[in-house]
Structure formats: C-alpha cells, structure tokens
$ cat input-v8.csv   # CSV, N, CA and C atoms
chain,number,residue,atom,x,y,z
J,17,MET,N,56.9,110.8,171.2
J,17,MET,CA,58.0,111.5,170.7
J,17,MET,C,57.6,113.0,170.5
J,18,SER,N,58.5,113.9,170.8
J,18,SER,CA,58.1,115.3,170.6
J,18,SER,C,58.2,115.7,169.2
J,19,LYS,N,57.5,116.9,168.9
J,19,LYS,CA,57.4,117.4,167.5
J,19,LYS,C,58.5,118.4,167.3
J,20,THR,N,58.9,118.5,166.1
J,20,THR,CA,59.9,119.6,165.7
J,20,THR,C,59.1,120.8,165.2
J,21,SER,N,59.8,121.9,165.0
J,21,SER,CA,59.1,123.1,164.4
J,21,SER,C,58.7,122.8,163.0
J,22,HIS,N,59.5,122.0,162.3
J,22,HIS,CA,59.1,121.6,161.0
J,22,HIS,C,57.8,120.8,161.0
J,23,ASP,N,57.7,119.9,161.9
J,23,ASP,CA,56.4,119.1,162.1
J,23,ASP,C,55.2,120.0,162.3
J,24,LEU,N,55.4,121.0,163.1
J,24,LEU,CA,54.3,121.9,163.4
J,24,LEU,C,53.9,122.7,162.2
J,25,VAL,N,54.9,123.1,161.4
J,25,VAL,CA,54.6,123.9,160.2
J,25,VAL,C,53.8,122.9,159.2
J,26,VAL,N,54.3,121.7,159.0
J,26,VAL,CA,53.6,120.8,158.1
J,26,VAL,C,52.2,120.6,158.5
J,27,GLU,N,52.0,120.4,159.8
J,27,GLU,CA,50.6,120.2,160.3
J,27,GLU,C,49.7,121.5,160.0
J,28,ALA,N,50.3,122.6,160.3
J,28,ALA,CA,49.6,123.9,160.0
J,28,ALA,C,49.2,124.0,158.6
J,29,LYS,N,50.2,123.7,157.7
J,29,LYS,CA,49.9,123.9,156.2
J,29,LYS,C,48.8,122.9,155.8
J,30,ALA,N,48.7,121.8,156.4
J,30,ALA,CA,47.6,120.8,156.1
J,30,ALA,C,46.3,121.3,156.5
J,31,ALA,N,46.2,122.2,157.5
J,31,ALA,CA,45.0,122.7,158.1
J,31,ALA,C,44.5,124.1,157.5
J,32,ILE,N,45.3,124.7,156.7
J,32,ILE,CA,45.0,126.0,156.2
J,32,ILE,C,44.9,126.0,154.7
J,33,ARG,N,44.6,127.2,154.1
J,33,ARG,CA,44.7,127.4,152.7
J,33,ARG,C,45.8,128.3,152.4
J,34,GLU,N,46.7,127.9,151.5
J,34,GLU,CA,47.8,128.7,151.0
J,34,GLU,C,47.4,129.2,149.6
J,35,VAL,N,47.7,130.5,149.4
J,35,VAL,CA,47.4,131.0,148.0
J,35,VAL,C,48.6,131.4,147.3
J,36,SER,N,48.5,131.3,146.0
J,36,SER,CA,49.6,131.6,145.1
J,36,SER,C,49.8,133.2,145.0
J,37,LEU,N,50.9,133.6,144.4
J,37,LEU,CA,51.2,135.0,144.2
J,37,LEU,C,50.1,135.7,143.4
J,38,ASP,N,49.6,135.0,142.4
J,38,ASP,CA,48.5,135.6,141.6
J,38,ASP,C,47.3,135.8,142.4
J,39,GLU,N,46.9,134.8,143.2
J,39,GLU,CA,45.7,134.9,144.0
J,39,GLU,C,45.9,136.0,145.1
J,40,ALA,N,47.1,136.0,145.7
J,40,ALA,CA,47.4,137.0,146.7
J,40,ALA,C,47.2,138.4,146.1
J,41,ARG,N,47.7,138.6,144.9
J,41,ARG,CA,47.6,140.0,144.2
J,41,ARG,C,46.1,140.3,144.0
J,42,ARG,N,45.3,139.3,143.6
J,42,ARG,CA,43.9,139.5,143.4
J,42,ARG,C,43.2,139.9,144.8
J,43,LEU,N,43.6,139.2,145.8
J,43,LEU,CA,43.0,139.5,147.2
J,43,LEU,C,43.4,140.9,147.6
J,44,ILE,N,44.6,141.3,147.4
J,44,ILE,CA,45.0,142.7,147.7
J,44,ILE,C,44.3,143.7,146.9
J,45,GLN,N,44.1,143.5,145.6
J,45,GLN,CA,43.4,144.4,144.7
J,45,GLN,C,41.9,144.5,145.2
J,46,ASN,N,41.4,143.5,145.7
J,46,ASN,CA,40.0,143.5,146.2
J,46,ASN,C,39.8,143.9,147.6
J,47,GLY,N,40.9,144.4,148.2
J,47,GLY,CA,40.8,145.0,149.6
J,47,GLY,C,41.1,144.1,150.8
J,48,ALA,N,41.7,143.0,150.5
J,48,ALA,CA,42.1,142.1,151.7
J,48,ALA,C,43.0,142.9,152.7
J,49,THR,N,42.9,142.5,153.9
J,49,THR,CA,43.9,143.0,154.9
J,49,THR,C,45.1,142.2,154.7
J,50,VAL,N,46.3,142.9,154.7
J,50,VAL,CA,47.6,142.2,154.5
J,50,VAL,C,48.3,142.2,155.8
J,51,LEU,N,48.6,141.0,156.4
J,51,LEU,CA,49.2,140.9,157.7
J,51,LEU,C,50.5,140.3,157.6
J,52,ASP,N,51.5,141.1,158.0
J,52,ASP,CA,52.9,140.6,158.0
J,52,ASP,C,53.2,140.2,159.4
J,53,VAL,N,53.6,138.9,159.6
J,53,VAL,CA,53.8,138.4,161.0
J,53,VAL,C,55.3,138.2,161.3
J,54,ARG,N,56.1,138.9,160.5
J,54,ARG,CA,57.6,138.9,160.7
J,54,ARG,C,57.9,139.9,161.8
J,55,GLU,N,59.1,139.9,162.2
J,55,GLU,CA,59.6,140.8,163.3
J,55,GLU,C,59.7,142.2,162.7
J,56,PRO,N,59.6,143.3,163.6
J,56,PRO,CA,59.6,144.6,163.1
J,56,PRO,C,60.8,145.0,162.2
J,57,GLY,N,61.9,144.5,162.5
J,57,GLY,CA,63.1,144.8,161.7
J,57,GLY,C,63.0,144.2,160.3
J,58,GLU,N,62.4,143.1,160.2
J,58,GLU,CA,62.1,142.5,158.8
J,58,GLU,C,61.1,143.3,158.1
J,59,PHE,N,60.1,143.7,158.8
J,59,PHE,CA,59.0,144.6,158.2
J,59,PHE,C,59.6,145.9,157.7
J,60,THR,N,60.4,146.5,158.5
J,60,THR,CA,61.0,147.8,158.1
J,60,THR,C,61.9,147.7,156.9
J,61,ALA,N,62.6,146.6,156.7
J,61,ALA,CA,63.5,146.4,155.6
J,61,ALA,C,62.7,146.3,154.3
J,62,GLY,N,61.4,146.0,154.3
J,62,GLY,CA,60.6,145.9,153.1
J,62,GLY,C,59.4,145.0,153.4
J,63,HIS,N,58.2,145.4,152.9
J,63,HIS,CA,57.0,144.6,153.1
J,63,HIS,C,56.0,144.8,151.9
J,64,LEU,N,55.0,143.9,151.9
J,64,LEU,CA,54.0,144.1,150.9
J,64,LEU,C,53.3,145.4,151.0
J,65,PRO,N,52.9,146.0,149.9
J,65,PRO,CA,52.2,147.3,150.0
J,65,PRO,C,51.0,147.2,150.9
J,66,GLY,N,50.9,148.2,151.8
J,66,GLY,CA,49.7,148.3,152.7
J,66,GLY,C,49.7,147.4,153.8
J,67,ALA,N,50.7,146.6,154.0
J,67,ALA,CA,50.7,145.6,155.1
J,67,ALA,C,50.7,146.2,156.4
J,68,MET,N,50.1,145.5,157.4
J,68,MET,CA,50.2,145.9,158.8
J,68,MET,C,51.1,144.8,159.4
J,69,ASN,N,51.9,145.2,160.4
J,69,ASN,CA,52.8,144.3,161.1
J,69,ASN,C,52.4,144.0,162.5
J,70,ILE,N,52.1,142.7,162.7
J,70,ILE,CA,51.9,142.2,164.0
J,70,ILE,C,52.8,140.9,164.1
J,71,PRO,N,53.9,140.9,164.8
J,71,PRO,CA,54.7,139.7,164.9
J,71,PRO,C,54.0,138.5,165.4
J,72,ARG,N,54.3,137.4,164.9
J,72,ARG,CA,53.6,136.2,165.2
J,72,ARG,C,53.5,136.0,166.7
J,73,GLY,N,54.5,136.3,167.5
J,73,GLY,CA,54.5,136.1,168.9
J,73,GLY,C,53.5,137.0,169.7
J,74,LEU,N,53.0,138.0,169.0
J,74,LEU,CA,52.0,139.0,169.7
J,74,LEU,C,50.6,138.8,169.1
J,75,LEU,N,50.5,138.0,168.1
J,75,LEU,CA,49.2,138.0,167.4
J,75,LEU,C,48.0,137.7,168.3
J,76,GLU,N,48.1,136.7,169.1
J,76,GLU,CA,47.0,136.3,170.0
J,76,GLU,C,46.6,137.5,170.9
J,77,PHE,N,47.5,138.3,171.3
J,77,PHE,CA,47.3,139.4,172.2
J,77,PHE,C,46.7,140.6,171.5
J,78,LYS,N,47.1,140.8,170.2
J,78,LYS,CA,46.6,141.9,169.5
J,78,LYS,C,45.3,141.7,168.7
J,79,LEU,N,44.9,140.5,168.5
J,79,LEU,CA,43.8,140.2,167.6
J,79,LEU,C,42.5,140.9,168.0
J,80,ALA,N,42.1,140.9,169.2
J,80,ALA,CA,40.8,141.5,169.6
J,80,ALA,C,40.8,143.0,169.4
J,81,GLY,N,42.0,143.6,169.5
J,81,GLY,CA,42.1,145.1,169.4
J,81,GLY,C,42.4,145.6,168.0
J,82,THR,N,42.4,144.7,167.0
J,82,THR,CA,42.7,145.1,165.7
J,82,THR,C,41.5,144.9,164.8
J,83,PRO,N,40.7,146.0,164.5
J,83,PRO,CA,39.5,145.9,163.8
J,83,PRO,C,39.7,145.2,162.4
J,84,GLU,N,40.8,145.5,161.7
J,84,GLU,CA,41.0,145.0,160.4
J,84,GLU,C,41.0,143.4,160.4
J,85,LEU,N,41.3,142.8,161.5
J,85,LEU,CA,41.4,141.4,161.6
J,85,LEU,C,40.1,140.8,162.0
J,86,ASN,N,39.1,141.6,162.3
J,86,ASN,CA,37.8,141.1,162.9
J,86,ASN,C,36.6,141.3,162.0
J,87,ASP,N,36.8,141.7,160.7
J,87,ASP,CA,35.7,141.9,159.8
J,87,ASP,C,35.5,140.6,159.0
J,88,PRO,N,34.5,139.9,159.3
J,88,PRO,CA,34.3,138.5,158.6
J,88,PRO,C,34.1,138.6,157.1
J,89,ARG,N,33.8,139.8,156.6
J,89,ARG,CA,33.6,140.0,155.1
J,89,ARG,C,34.9,140.3,154.4
J,90,ARG,N,36.0,140.6,155.2
J,90,ARG,CA,37.2,141.0,154.5
J,90,ARG,C,38.3,139.9,154.7
J,91,PRO,N,38.8,139.4,153.6
J,91,PRO,CA,39.8,138.3,153.6
J,91,PRO,C,41.1,138.9,154.2
J,92,ILE,N,41.9,138.0,154.8
J,92,ILE,CA,43.1,138.4,155.4
J,92,ILE,C,44.2,137.5,154.8
J,93,LEU,N,45.2,138.2,154.2
J,93,LEU,CA,46.4,137.5,153.6
J,93,LEU,C,47.5,137.6,154.6
J,94,VAL,N,48.0,136.5,155.1
J,94,VAL,CA,49.0,136.4,156.1
J,94,VAL,C,50.3,136.0,155.4
J,95,TYR,N,51.4,136.7,155.8
J,95,TYR,CA,52.7,136.2,155.2
J,95,TYR,C,53.8,136.5,156.2
J,96,CYS,N,54.9,135.8,155.9
J,96,CYS,CA,56.2,135.9,156.6
J,96,CYS,C,57.3,135.8,155.6
J,97,LYS,N,58.5,135.4,156.0
J,97,LYS,CA,59.6,135.4,155.1
J,97,LYS,C,59.4,134.3,154.0
J,98,THR,N,59.1,133.1,154.5
J,98,THR,CA,59.0,131.9,153.5
J,98,THR,C,57.7,131.2,153.6
J,99,SER,N,56.9,131.3,154.7
J,99,SER,CA,55.6,130.8,154.8
J,99,SER,C,55.4,130.0,156.1
J,100,GLY,N,56.4,129.6,156.8
J,100,GLY,CA,56.2,128.8,158.0
J,100,GLY,C,55.5,129.5,159.1
J,101,ARG,N,56.0,130.7,159.5
J,101,ARG,CA,55.4,131.5,160.6
J,101,ARG,C,54.0,131.9,160.1
J,102,ALA,N,53.8,132.2,158.9
J,102,ALA,CA,52.4,132.6,158.4
J,102,ALA,C,51.5,131.4,158.5
J,103,ALA,N,51.9,130.2,158.2
J,103,ALA,CA,51.0,129.0,158.4
J,103,ALA,C,50.6,128.9,159.8
J,104,LEU,N,51.6,129.0,160.7
J,104,LEU,CA,51.3,128.9,162.2
J,104,LEU,C,50.4,130.0,162.6
J,105,ALA,N,50.6,131.2,162.1
J,105,ALA,CA,49.7,132.3,162.5
J,105,ALA,C,48.3,132.1,161.9
J,106,THR,N,48.2,131.6,160.7
J,106,THR,CA,46.9,131.4,160.2
J,106,THR,C,46.1,130.4,161.0
J,107,VAL,N,46.8,129.4,161.4
J,107,VAL,CA,46.1,128.4,162.3
J,107,VAL,C,45.6,129.1,163.6
J,108,VAL,N,46.4,129.9,164.2
J,108,VAL,CA,46.0,130.6,165.4
J,108,VAL,C,44.8,131.5,165.1
J,109,LEU,N,44.8,132.2,164.0
J,109,LEU,CA,43.7,133.1,163.6
J,109,LEU,C,42.4,132.2,163.5
J,110,GLN,N,42.5,131.1,162.8
J,110,GLN,CA,41.4,130.2,162.6
J,110,GLN,C,40.9,129.7,164.0
J,111,THR,N,41.8,129.3,164.8
J,111,THR,CA,41.5,128.8,166.2
J,111,THR,C,40.7,129.8,167.0
J,112,MET,N,41.1,131.1,166.8
J,112,MET,CA,40.5,132.2,167.5
J,112,MET,C,39.2,132.8,166.8
J,113,GLY,N,38.8,132.0,165.8
J,113,GLY,CA,37.5,132.4,165.1
J,113,GLY,C,37.6,133.2,163.9
J,114,VAL,N,38.8,133.5,163.3
J,114,VAL,CA,38.9,134.2,162.1
J,114,VAL,C,39.0,133.2,160.9
J,115,ALA,N,37.9,133.0,160.3
J,115,ALA,CA,37.8,132.0,159.3
J,115,ALA,C,38.2,132.5,157.9
J,116,ASN,N,38.4,133.8,157.7
J,116,ASN,CA,38.7,134.3,156.4
J,116,ASN,C,40.2,134.6,156.1
J,117,ALA,N,41.1,133.9,156.9
J,117,ALA,CA,42.5,134.1,156.8
J,117,ALA,C,43.2,133.0,155.9
J,118,VAL,N,44.1,133.5,155.0
J,118,VAL,CA,44.8,132.5,154.1
J,118,VAL,C,46.3,132.9,154.2
J,119,SER,N,47.1,132.0,153.9
J,119,SER,CA,48.6,132.2,153.9
J,119,SER,C,49.2,132.3,152.5
J,120,LEU,N,50.2,133.2,152.4
J,120,LEU,CA,50.9,133.4,151.1
J,120,LEU,C,51.9,132.3,150.9
J,121,ALA,N,51.7,131.4,150.0
J,121,ALA,CA,52.7,130.4,149.7
J,121,ALA,C,54.1,131.0,149.3
J,122,GLY,N,55.1,130.6,149.9
J,122,GLY,CA,56.4,131.1,149.6
J,122,GLY,C,56.8,132.4,150.3
J,123,GLY,N,55.8,133.1,150.9
J,123,GLY,CA,56.0,134.3,151.7
J,123,GLY,C,56.6,135.5,150.9
J,124,PHE,N,57.2,136.4,151.7
J,124,PHE,CA,57.9,137.6,151.2
J,124,PHE,C,59.0,137.3,150.2
J,125,ASP,N,59.7,136.2,150.5
J,125,ASP,CA,60.8,135.9,149.5
J,125,ASP,C,60.3,135.6,148.1
J,126,ALA,N,59.2,134.8,148.1
J,126,ALA,CA,58.6,134.5,146.7
J,126,ALA,C,58.1,135.8,146.1
J,127,TRP,N,57.4,136.7,146.9
J,127,TRP,CA,56.9,137.9,146.4
J,127,TRP,C,58.1,138.8,145.8
J,128,ALA,N,59.1,138.9,146.6
J,128,ALA,CA,60.3,139.7,146.1
J,128,ALA,C,61.0,139.1,144.9
J,129,ALA,N,61.1,137.8,144.9
J,129,ALA,CA,61.7,137.1,143.8
J,129,ALA,C,61.0,137.4,142.4
J,130,GLU,N,59.7,137.7,142.5
J,130,GLU,CA,59.0,138.0,141.3
J,130,GLU,C,59.0,139.5,141.0
J,131,ASP,N,59.7,140.3,141.7
J,131,ASP,CA,59.8,141.7,141.5
J,131,ASP,C,58.5,142.4,141.6
J,132,LEU,N,57.6,141.9,142.5
J,132,LEU,CA,56.3,142.5,142.8
J,132,LEU,C,56.6,143.7,143.7
J,133,PRO,N,55.6,144.7,143.8
J,133,PRO,CA,55.8,145.9,144.5
J,133,PRO,C,56.1,145.6,146.0
J,134,ILE,N,57.1,146.4,146.5
J,134,ILE,CA,57.4,146.3,147.9
J,134,ILE,C,57.5,147.7,148.5
J,135,ASP,N,56.9,147.9,149.7
J,135,ASP,CA,57.0,149.2,150.4
J,135,ASP,C,58.2,149.1,151.3
J,136,GLN,N,59.0,150.2,151.2
J,136,GLN,CA,60.2,150.3,152.1
J,136,GLN,C,60.3,151.7,152.5
J,137,PRO,N,60.3,152.0,153.8
J,137,PRO,CA,60.4,153.3,154.2
J,137,PRO,C,61.8,153.9,153.8
J,138,ALA,N,61.7,155.2,153.4
J,138,ALA,CA,62.9,155.9,153.0
J,138,ALA,C,63.9,156.0,154.2
J,139,PRO,N,65.2,155.9,154.0
J,139,PRO,CA,66.2,156.0,155.1
J,139,PRO,C,66.1,157.4,155.7
J,140,ILE,N,66.4,157.5,156.9
J,140,ILE,CA,66.3,158.8,157.6
J,140,ILE,C,67.6,159.6,157.2
J,141,ASP,N,67.3,160.8,156.8
J,141,ASP,CA,68.4,161.7,156.4
J,141,ASP,C,68.6,162.7,157.6
J,142,PHE,N,69.8,162.6,158.2
J,142,PHE,CA,70.1,163.4,159.4
J,142,PHE,C,70.7,164.7,159.0
J,143,GLU,N,70.8,165.0,157.8
J,143,GLU,CA,71.5,166.3,157.4
J,143,GLU,C,70.4,167.4,157.1
$ encode --input "input-v8.csv" --output "structure tokens"
Amino acid sequence: MSKTSHDLVVEAKAAIREVSLDEARRLIQNGATVLDVREPGEFTAGHLPGAMNIPRGLLEFKLAGTPELNDPRRPILVYCKTSGRAALATVVLQTMGVANAVSLAGGFDAWAAEDLPIDQPAPIDFE
C-alpha cells in the first residue's frame, strides 16, 4: 500500500530531533543557523529573526553551495509553518550528511503564537 504525506511526516519525525520553542531560542542565541524551508511568499510575510530561506523543494540542490549549512560545529534550526516540511527537510539534511540539524516543533505558527520576535520586511512605499 502506498504512503500518504502524513505517513512520511510521521516517519520523518521519528527519525529526527524536534526542539521546543525555548530550546530553539537558546540555539538562536548561541549562533545556530536558522533555516526557513517555506515558500518565498510565506517567508516574506514574516520569519524568525536572521533566518535564511531555502524552500524545501530546492534544499537538496542548494545544500552544497550554502556554507552556513555545511559547518559541522554550527547547529541548524529548521522550521516551516507547522513542522511537517521542516521534519522532511531535516531528514534530507541528515541523509546528505548534515548531522547537526534539528526541527522546530510547531513551526512558525507556534513561534508566532507565543509573540516571539518576527522579522518582516517593511512594505514598499511607492510615493
């Protein structure tokens, strides 16, 4: 029988480490790379401070050319909207040899719900 996307996310979450909001904040304070795997429009609407955006569908292709993702001493905090894409992306990173990646439990929605800091570009003023 074929697997559903939900099945794949459940399997991914069993194979990775998810971190709480408190642990994510500590990782960020200690210099972790913050990787947003949502689509560019989602990222532009608001993202964790200092996050870099590589959509999940491009991650495998961008990994080698992104130095921040290839420093074995620097943790990587991966997140998406609710944590499914981040779990899948974290598995990909681990499969490709990045052992220091963790996923944010609850994703951006959990972060925003706690009123934690969010970077959001200022709207363009055409006047």
$ closest_residue --input "input-v8.csv" --among "J:Arg54, J:Arg90, J:Lys19, J:Arg41" --to "Arg72 (chain J)" --atoms "all atoms listed in the file"
J:Arg54
$ select_by_dssp --input "input-v8.csv" --residues "region 68-104 of chain J" --states "helix (DSSP H, G or I)" --output "list in words"
Arg72, Gly73, Leu74, Leu75, Glu76, Phe77, Lys78, Pro83, Glu84, Leu85, Gly100, Arg101, Ala102, Ala103 and Leu104 of chain J
$ atom_distance --input "input-v8.csv" --atom1 "CA of Met68 (chain J)" --atom2 "atom C of Gln136 (chain J)"
13.2 Å
$ atom_distance --input "input-v8.csv" --atom1 "CA of Gly123 (chain J)" --atom2 "atom C of Ser99 (chain J)"
6.2 Å
$ atom_distance --input "input-v8.csv" --atom1 "CA of His22 (chain J)" --atom2 "atom N of Ala105 (chain J)"
12.9 Å
$ closest_residue --input "input-v8.csv" --among "J:Leu75, J:Thr98, J:Ala128, J:Gln45" --to "Val25 (chain J)" --atoms "only C-alpha atoms"
J:Thr98
$ closest_residue --input "input-v8.csv" --among "J:Glu39, J:Asp23, J:Glu34, J:Glu76" --to "Val94 (chain J)" --atoms "only C-alpha atoms"
J:Glu34
$ residues_around --input "input-v8.csv" --residues "Glu55 (chain J)" --least-positions-apart "2" --cutoff "7 Å" --atoms "all atoms listed in the file" --output "PyMOL selection string"
chain J and resi 52-53+57-60+70-72
$ closest_residue --input "input-v8.csv" --among "J:Ala28, J:Asp141, J:Ala80, J:Met17" --to "Thr106 (chain J)" --atoms "all atoms listed in the file"
J:Ala28
$ decode --input "input-v8.csv" --residues "region 47-65 of chain J" --atoms "N, CA, C and O atoms" --output "CSV table (one decimal), in the first residue's frame"
chain,number,residue,atom,x,y,z
J,47,GLY,N,24.0,31.2,18.2
J,47,GLY,CA,24.5,31.3,16.9
J,47,GLY,C,24.1,30.2,15.9
J,47,GLY,O,24.8,30.1,14.8
J,48,ALA,N,23.1,29.5,16.1
J,48,ALA,CA,22.6,28.5,15.2
J,48,ALA,C,22.2,29.1,13.9
J,48,ALA,O,21.7,30.3,13.8
J,49,THR,N,22.4,28.4,12.8
J,49,THR,CA,21.8,28.8,11.5
J,49,THR,C,20.3,28.6,11.6
J,49,THR,O,19.9,27.5,12.0
J,50,VAL,N,19.5,29.5,11.2
J,50,VAL,CA,18.1,29.3,11.2
J,50,VAL,C,17.6,29.2,9.7
J,50,VAL,O,17.9,30.1,8.9
J,51,LEU,N,17.0,28.1,9.4
J,51,LEU,CA,16.7,27.7,8.0
J,51,LEU,C,15.2,27.6,7.9
J,51,LEU,O,14.5,26.7,8.5
J,52,ASP,N,14.6,28.5,7.1
J,52,ASP,CA,13.1,28.5,6.8
J,52,ASP,C,12.9,27.8,5.5
J,52,ASP,O,13.5,28.2,4.5
J,53,VAL,N,12.2,26.7,5.5
J,53,VAL,CA,12.0,25.9,4.3
J,53,VAL,C,10.6,26.1,3.7
J,53,VAL,O,10.2,25.4,2.8
J,54,ARG,N,10.0,27.2,4.1
J,54,ARG,CA,8.7,27.6,3.5
J,54,ARG,C,9.0,28.2,2.1
J,54,ARG,O,10.1,28.5,1.7
J,55,GLU,N,7.9,28.5,1.4
J,55,GLU,CA,8.0,29.2,0.1
J,55,GLU,C,8.3,30.7,0.3
J,55,GLU,O,8.0,31.2,1.4
J,56,PRO,N,8.9,31.3,-0.7
J,56,PRO,CA,9.3,32.7,-0.6
J,56,PRO,C,8.2,33.6,-0.1
J,56,PRO,O,8.5,34.6,0.7
J,57,GLY,N,7.0,33.5,-0.6
J,57,GLY,CA,5.9,34.3,-0.2
J,57,GLY,C,5.6,34.2,1.3
J,57,GLY,O,5.3,35.2,2.0
J,58,GLU,N,5.7,33.0,1.8
J,58,GLU,CA,5.5,32.8,3.3
J,58,GLU,C,6.6,33.5,4.1
J,58,GLU,O,6.4,34.1,5.1
J,59,PHE,N,7.8,33.3,3.6
J,59,PHE,CA,9.0,33.9,4.2
J,59,PHE,C,8.9,35.4,4.3
J,59,PHE,O,9.1,36.1,5.3
J,60,THR,N,8.5,36.0,3.2
J,60,THR,CA,8.4,37.5,3.1
J,60,THR,C,7.3,38.0,4.0
J,60,THR,O,7.4,39.1,4.6
J,61,ALA,N,6.3,37.2,4.2
J,61,ALA,CA,5.2,37.7,5.1
J,61,ALA,C,5.6,37.7,6.6
J,61,ALA,O,5.0,38.4,7.4
J,62,GLY,N,6.7,37.1,6.9
J,62,GLY,CA,7.2,37.1,8.3
J,62,GLY,C,8.0,35.8,8.5
J,62,GLY,O,7.7,34.7,8.1
J,63,HIS,N,9.2,36.0,9.2
J,63,HIS,CA,10.0,34.8,9.5
J,63,HIS,C,10.8,35.1,10.8
J,63,HIS,O,10.8,36.2,11.3
J,64,LEU,N,11.4,34.0,11.3
J,64,LEU,CA,12.2,34.1,12.5
J,64,LEU,C,13.4,35.0,12.2
J,64,LEU,O,13.9,35.0,11.1
J,65,PRO,N,13.8,35.8,13.2
J,65,PRO,CA,14.9,36.8,13.0
J,65,PRO,C,16.2,36.0,12.5
J,65,PRO,O,16.6,35.0,13.0
